[in-house]
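As stored in work_19.csv (CSV, C-alpha atoms):
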```csv
chain,number,residue,atom,x,y,z
P,1,MET,CA,118.0,91.1,108.9
P,2,ARG,CA,117.1,93.3,111.8
P,3,ILE,CA,120.5,95.1,111.4
P,4,VAL,CA,119.8,95.7,107.7
P,5,TYR,CA,116.3,97.0,108.3
P,6,GLY,CA,117.6,99.2,111.1
P,7,ILE,CA,120.0,100.8,108.6
P,8,THR,CA,117.6,101.2,105.7
P,9,GLN,CA,114.8,102.5,107.9
P,10,ARG,CA,117.1,105.1,109.5
P,11,ILE,CA,118.1,106.3,106.0
P,12,THR,CA,114.4,106.6,105.1
P,13,TRP,CA,113.5,108.4,108.3
P,14,LEU,CA,116.4,110.9,107.8
P,15,VAL,CA,115.2,111.8,104.3
P,16,THR,CA,111.6,112.0,105.5
P,17,PHE,CA,112.6,114.2,108.5
P,18,PHE,CA,114.5,116.5,106.1
P,19,CYS,CA,111.6,116.8,103.7
P,20,MET,CA,109.0,117.4,106.4
P,21,ARG,CA,111.1,120.3,107.9
P,22,VAL,CA,112.1,121.9,104.6
P,23,PHE,CA,109.0,121.6,102.5
P,24,CYS,CA,106.3,121.6,105.2
P,25,ARG,CA,105.3,123.4,108.3
P,26,PHE,CA,105.7,120.3,110.4
P,27,SER,CA,104.7,120.1,114.1
P,28,ILE,CA,104.3,117.5,116.8
P,29,VAL,CA,101.7,117.8,119.6
P,30,GLY,CA,102.1,115.6,122.6
P,31,GLN,CA,105.8,114.8,122.0
P,32,GLU,CA,106.3,114.2,125.7
P,33,ASN,CA,104.2,111.0,125.3
P,34,LEU,CA,107.0,109.5,123.2
P,35,LYS,CA,109.4,109.2,126.2
P,36,ASN,CA,110.3,105.9,127.8
P,37,ILE,CA,107.4,103.9,126.3
P,38,GLN,CA,107.2,100.2,127.3
P,39,THR,CA,107.6,97.5,124.7
P,40,PRO,CA,106.2,95.5,123.0
P,41,LEU,CA,104.5,98.4,121.4
P,42,LEU,CA,101.7,98.7,118.9
P,43,VAL,CA,101.3,102.1,117.2
P,44,VAL,CA,97.8,102.7,115.8
P,45,ALA,CA,97.0,105.7,113.6
P,46,ASN,CA,94.8,107.0,110.9
P,47,HIS,CA,96.1,107.0,107.3
P,48,LYS,CA,95.8,109.8,104.8
P,49,THR,CA,99.1,109.8,102.7
P,50,TYR,CA,101.8,107.5,101.5
P,51,TRP,CA,104.2,109.4,103.8
P,52,ASP,CA,102.4,108.4,106.9
P,53,SER,CA,104.5,105.3,107.7
P,54,MET,CA,107.7,107.2,107.2
P,55,ILE,CA,106.5,110.1,109.3
P,56,LEU,CA,105.7,107.6,112.2
P,57,GLY,CA,109.3,106.3,112.0
P,58,THR,CA,110.7,109.8,112.4
P,59,LEU,CA,109.0,110.2,115.8
P,60,PHE,CA,111.2,107.7,117.6
P,61,PRO,CA,114.9,108.3,118.7
P,62,PHE,CA,117.1,107.9,115.6
P,63,PHE,CA,119.8,105.9,117.4
P,64,SER,CA,117.4,103.8,119.5
P,65,ASN,CA,117.6,100.0,119.1
P,66,LYS,CA,114.7,99.6,121.4
P,67,TYR,CA,112.1,101.1,119.0
P,68,LEU,CA,113.9,100.7,115.6
P,69,PRO,CA,113.5,99.0,113.2
P,70,MET,CA,109.7,99.0,113.3
P,71,GLY,CA,107.3,96.6,111.7
P,72,PHE,CA,105.0,97.9,108.9
P,73,MET,CA,102.6,96.3,106.4
P,74,ALA,CA,101.7,97.3,102.8
P,75,ALA,CA,99.1,96.2,100.4
P,76,ASP,CA,100.0,93.3,98.1
P,77,GLU,CA,99.7,95.3,94.9
P,78,PHE,CA,102.6,97.5,95.9
P,79,PHE,CA,104.9,94.5,95.8
P,80,LEU,CA,104.0,94.0,92.1
P,81,ASN,CA,105.9,97.1,91.2
P,82,PRO,CA,109.6,96.3,91.0
P,83,ILE,CA,110.7,99.7,92.4
P,84,TYR,CA,108.2,99.6,95.3
P,85,ASN,CA,109.0,96.0,95.9
P,86,PHE,CA,112.7,96.7,96.3
P,87,PHE,CA,112.1,99.6,98.6
P,88,LEU,CA,109.5,97.8,100.8
P,89,SER,CA,111.5,94.6,101.0
P,90,ALA,CA,114.7,96.5,101.8
P,91,THR,CA,113.1,98.4,104.7
P,92,GLY,CA,111.4,95.3,106.2
P,93,VAL,CA,107.8,96.0,105.2
P,94,SER,CA,105.5,93.0,105.3
P,95,ARG,CA,103.0,92.0,102.7
P,96,ALA,CA,99.3,92.2,103.7
P,97,ASN,CA,98.7,88.7,102.2
P,98,LYS,CA,95.0,89.6,101.8
P,99,GLY,CA,92.7,86.7,101.6
P,100,ARG,CA,95.2,84.2,103.1
P,101,GLY,CA,94.1,84.5,106.7
P,102,LEU,CA,95.4,86.4,109.7
P,103,ASP,CA,97.8,83.7,110.7
P,104,ILE,CA,99.8,84.4,107.6
P,105,SER,CA,99.2,88.2,107.4
P,106,LEU,CA,100.2,88.7,111.1
P,107,LYS,CA,103.1,86.3,111.1
P,108,ASP,CA,105.9,88.9,110.9
P,109,PHE,CA,104.1,91.2,113.4
P,110,ARG,CA,103.7,88.5,115.9
P,111,SER,CA,107.4,87.7,115.6
P,112,ILE,CA,108.4,91.3,116.1
P,113,LEU,CA,106.2,91.7,119.2
P,114,SER,CA,107.3,88.4,120.6
P,115,ASN,CA,110.8,89.9,120.6
P,116,ASN,CA,109.7,93.0,122.4
P,117,GLY,CA,109.7,95.1,119.3
P,118,VAL,CA,107.5,97.8,117.8
P,119,VAL,CA,104.7,97.4,115.1
P,120,ALA,CA,102.8,100.3,113.4
P,121,ILE,CA,99.5,99.5,111.9
P,122,PHE,CA,96.6,101.5,110.3
P,123,PRO,CA,93.5,99.7,111.6
P,124,TYR,CA,91.4,100.8,108.6
P,125,GLY,CA,93.8,99.2,106.3
P,126,LYS,CA,93.6,102.0,103.7
P,127,ARG,CA,93.9,105.8,103.3
P,128,ILE,CA,90.8,107.7,104.5
P,129,TYR,CA,90.8,111.4,103.9
P,130,ASP,CA,87.6,112.3,105.7
P,131,ASP,CA,87.1,111.2,109.3
P,132,LYS,CA,83.3,111.5,108.8
P,133,GLU,CA,83.3,108.6,106.4
P,134,GLN,CA,82.2,105.4,108.1
P,135,TYR,CA,84.4,102.4,107.6
P,136,ALA,CA,84.8,99.2,109.6
P,137,PRO,CA,88.3,98.6,110.8
P,138,GLY,CA,90.2,95.5,110.0
P,139,ARG,CA,90.7,92.7,112.6
P,140,GLY,CA,94.5,92.7,112.6
P,141,ALA,CA,95.2,95.3,115.2
P,142,ALA,CA,92.6,93.9,117.6
P,143,VAL,CA,93.9,90.3,117.1
P,144,LEU,CA,97.4,91.5,118.1
P,145,VAL,CA,96.1,93.1,121.3
P,146,LYS,CA,94.3,89.9,122.1
P,147,ASP,CA,97.4,87.8,121.4
P,148,PHE,CA,99.7,90.0,123.5
P,149,PRO,CA,98.0,91.0,126.8
P,150,ASN,CA,101.1,93.0,127.9
P,151,LEU,CA,101.1,95.1,124.7
P,152,THR,CA,101.4,98.9,125.1
P,153,VAL,CA,99.3,100.8,122.6
P,154,LEU,CA,100.4,104.3,121.3
P,155,PRO,CA,97.6,106.2,119.5
P,156,ILE,CA,98.6,108.8,116.9
P,157,TYR,CA,96.5,111.1,114.8
P,158,LEU,CA,98.1,112.2,111.5
P,159,LYS,CA,97.0,115.5,110.1
P,160,THR,CA,98.8,115.0,106.8
P,161,THR,CA,98.1,116.4,103.4
P,162,PRO,CA,97.7,114.2,100.3
P,163,GLY,CA,99.3,115.3,97.0
P,164,ASN,CA,102.5,116.9,96.1
P,165,PHE,CA,103.9,118.5,99.2
P,166,LEU,CA,107.0,119.9,97.6
P,167,PHE,CA,105.2,123.0,96.6
P,168,GLY,CA,103.0,125.3,98.7
P,169,ASN,CA,104.7,124.8,102.1
P,170,LYS,CA,101.9,122.6,103.3
P,171,GLU,CA,101.1,122.2,107.0
P,172,MET,CA,101.6,118.8,108.5
P,173,GLU,CA,100.9,117.9,112.2
P,174,VAL,CA,101.1,114.8,114.3
P,175,ILE,CA,99.2,114.4,117.5
P,176,VAL,CA,100.7,111.8,119.8
P,177,GLY,CA,98.4,110.4,122.5
P,178,SER,CA,99.2,108.8,125.8
P,179,PRO,CA,100.4,105.2,125.7
P,180,TYR,CA,97.9,102.8,127.3
P,181,LYS,CA,97.3,99.1,127.9
P,182,ILE,CA,93.9,97.4,127.4
P,183,GLN,CA,93.0,95.5,130.5
P,184,ASP,CA,91.6,92.0,130.2
P,185,SER,CA,92.1,92.1,126.4
P,186,PRO,CA,92.0,88.3,125.9
P,187,ASN,CA,88.4,88.3,127.2
P,188,LYS,CA,87.2,91.2,125.0
P,189,SER,CA,85.7,90.6,121.6
P,190,ILE,CA,87.5,91.6,118.4
P,191,GLU,CA,84.8,94.2,117.7
P,192,GLU,CA,85.2,95.8,121.2
P,193,LEU,CA,89.0,95.9,120.9
P,194,SER,CA,88.7,97.5,117.4
P,195,GLU,CA,86.4,100.2,118.8
P,196,ILE,CA,88.8,101.0,121.6
P,197,LEU,CA,91.8,101.2,119.3
P,198,THR,CA,90.2,103.3,116.6
P,199,ARG,CA,88.5,105.6,119.1
P,200,SER,CA,91.9,106.2,120.9
P,201,PHE,CA,93.5,107.9,117.9
P,202,LEU,CA,90.3,109.5,116.3
P,203,GLU,CA,89.5,111.3,119.6
P,204,LEU,CA,92.9,113.0,119.6
P,205,ASN,CA,91.9,115.2,116.7
P,206,GLN,CA,88.5,115.9,118.3
P,207,LYS,CA,90.0,116.8,121.6
P,208,GLN,CA,92.4,119.2,120.0
P,209,LYS,CA,89.6,120.9,118.1
P,210,THR,CA,87.6,121.2,121.4
P,211,ALA,CA,90.6,122.7,123.2
P,212,PHE,CA,91.2,125.2,120.4
P,213,VAL,CA,87.5,126.4,120.5
P,214,SER,CA,87.7,126.7,124.3
P,215,THR,CA,90.9,128.8,123.9
P,216,ILE,CA,89.4,131.3,121.5
P,217,SER,CA,86.0,131.5,123.2
```

Now that the file is in, can you turn its structure into structure tokens?
Amino acid sequence: MRIVYGITQRITWLVTFFCMRVFCRFSIVGQENLKNIQTPLLVVANHKTYWDSMILGTLFPFFSNKYLPMGFMAADEFFLNPIYNFFLSATGVSRANKGRGLDISLKDFRSILSNNGVVAIFPYGKRIYDDKEQYAPGRGAAVLVKDFPNLTVLPIYLKTTPGNFLFGNKEMEVIVGSPYKIQDSPNKSIEELSEILTRSFLELNQKQKTAFVSTIS
């Protein structure tokens, strides 16, 4: 199925890439951080729109078999819709399996990472439009870091705009942070790991704001 998912994801990334460049003012900050990243790789990011997963896919080399296909997860309710179910299943997206335990929820992700692949996860598990809102992240991303001590983490902050982007030439920006590894992760608590992961992508936006203020001062 990896070959099938590789084909369907590339088609999706191509359409997304086209839409982002034609209908949006799209930019990438920190693109140099995407070069020669070690795998297995966990991409952690904030989540604002339904396009976010597809935008993440467009960041990696189109013809790369090292990074593509990627592992994604979607809420169970999306699979109840026949159209969404077909699209998600065809592109290799896993069910969240909420309430059935992390062993079941993370089964596909563990398999991908065990085979030196790439998994993208939104630690908060839902779309959050305002960073000032306080939510506790889920345990899934932290558990994966605990399970795979050699895991490389790539933090990404998505400045995406909800709603119909086909009109208004909306501005979309992606901030890519430096890849990192969490030392001694098996001995850290889930709460500590969750804090490290979420802080790593949330700080990207704050650092950019600080740099911008310094520039105009």

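Across P:Phe62, P:Tyr129, P:Phe201, P:Tyr180, the tightest approach to Tyr50 in chain P is made by P:Tyr129 when counting only C-alpha atoms.
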
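Taking only C-alpha atoms into account, Phe63 in chain P lies nearest to P:Ile7 out of the set P:Ile7, P:Leu144, P:Ala96, P:Val43.
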
*Suppose you want the space between CA of Lys107 in chain P and CA of Phe148 in chain P; what is it in Å?*
13.4 Å

*asked:* For a quick check of your reading of the model, name the residues lying within 12 Å of the coordinate (104.4, 100.7, 128.9), counting all atoms listed in the file, and write them as a PyMOL selection string.
replied: chain P and resi 33-42+116+118+149-154+178-182

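Interatomic distance, CA of Ile190 in chain P to CA of Glu203 in chain P: 19.8 Å.
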
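CA of Leu88 in chain P lies 23.9 Å from CA of Phe23 in chain P.
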
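Residue nearest Ala90 in chain P, chosen from P:Pro69, P:Ile175, P:Arg21, P:Glu32 and counting all atoms listed in the file: P:Pro69.
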
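The shortest atom-to-atom distance to Gly117 in chain P, with only C-alpha atoms taken into account, belongs to P:Gly71 out of P:Pro82, P:Gly140, P:Gly71, P:Gly92.
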
Leaving out Arg10 in chain P and any residue of its chain fewer than 4 positions from it, which residues lie within 9 Å of it when counting only C-alpha atoms, given as a PDB file with C-alpha atoms, keeping the file's coordinate frame?
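Final file, part23.pdb:
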```pdb
ATOM      1  CA  TYR P   5     116.300  97.000 108.300  1.00  0.00           C
ATOM      2  CA  GLY P   6     117.600  99.200 111.100  1.00  0.00           C
ATOM      3  CA  LEU P  14     116.400 110.900 107.800  1.00  0.00           C
ATOM      4  CA  VAL P  15     115.200 111.800 104.300  1.00  0.00           C
ATOM      5  CA  GLY P  57     109.300 106.300 112.000  1.00  0.00           C
ATOM      6  CA  THR P  58     110.700 109.800 112.400  1.00  0.00           C
ATOM      7  CA  PHE P  62     117.100 107.900 115.600  1.00  0.00           C
ATOM      8  CA  PHE P  63     119.800 105.900 117.400  1.00  0.00           C
ATOM      9  CA  LEU P  68     113.900 100.700 115.600  1.00  0.00           C
ATOM     10  CA  PRO P  69     113.500  99.000 113.200  1.00  0.00           C
TER      11      PRO P  69
END
```

*Find the residues around Lys48 in chain P up to 12 Å (all atoms listed in the file counted), leave out those fewer than 3 positions away in its own chain, and share them as a list in words.*
Ala45, Trp51, Asp52, Ser53, Ile55, Phe122, Tyr124, Gly125, Lys126, Arg127, Ile128, Tyr129, Asp130, Asp131, Tyr157, Leu158, Lys159, Thr160, Thr161, Pro162, Gly163, Met172 and Val174 of chain P

Shell around Pro186 in chain P at 8 Å using all atoms listed in the file, local window under 4 positions removed, as a PDB file with C-alpha atoms, keeping the file's coordinate frame:
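Okay, around22.pdb is ready:
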```pdb
ATOM      1  CA  VAL P 145      96.100  93.100 121.300  1.00  0.00           C
ATOM      2  CA  LYS P 146      94.300  89.900 122.100  1.00  0.00           C
ATOM      3  CA  ASP P 147      97.400  87.800 121.400  1.00  0.00           C
ATOM      4  CA  PRO P 149      98.000  91.000 126.800  1.00  0.00           C
TER       5      PRO P 149
END
```

*Using all atoms listed in the file, can you list as a PyMOL selection string the residues within 8 Å of (105.0, 119.6, 113.7)?*
chain P and resi 25-29+172-174

Write out, as CSV, each residue of range 85-189 of chain P that has an atom at most 8 Å from range 72-77 of chain P, together with the closest pair of atoms and their distance in Å to one decimal, counting only C-alpha atoms, rows going by chain and rising number.
```
residue,atom,partner,partner_atom,distance
P:Gly92,CA,P:Phe72,CA,7.4
P:Val93,CA,P:Phe72,CA,5.0
P:Ser94,CA,P:Met73,CA,4.5
P:Arg95,CA,P:Ala74,CA,5.5
P:Ala96,CA,P:Ala75,CA,5.2
P:Asn97,CA,P:Asp76,CA,6.3
P:Lys98,CA,P:Asp76,CA,7.2
P:Val119,CA,P:Phe72,CA,6.2
P:Ala120,CA,P:Phe72,CA,5.6
P:Ile121,CA,P:Phe72,CA,6.5
```

Take the residues that were just selected and, keeping C-alpha atoms, output them as a tab-separated table (two decimals), in the frame of the given file.
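The result, stored in selection_29.tsv:
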```
chain	number	residue	atom	x	y	z
P	92	GLY	CA	111.40	95.30	106.20
P	93	VAL	CA	107.80	96.00	105.20
P	94	SER	CA	105.50	93.00	105.30
P	95	ARG	CA	103.00	92.00	102.70
P	96	ALA	CA	99.30	92.20	103.70
P	97	ASN	CA	98.70	88.70	102.20
P	98	LYS	CA	95.00	89.60	101.80
P	119	VAL	CA	104.70	97.40	115.10
P	120	ALA	CA	102.80	100.30	113.40
P	121	ILE	CA	99.50	99.50	111.90
```

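The shortest atom-to-atom distance to Gly101 in chain P, with all atoms listed in the file taken into account, belongs to P:Val143 out of P:Val143, P:Pro155, P:Leu56, P:Phe78.
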
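Among the candidates P:Thr12, P:Phe79, P:Cys19, P:Ala142, the one nearest to Leu102 in chain P when counting all atoms listed in the file is P:Ala142.
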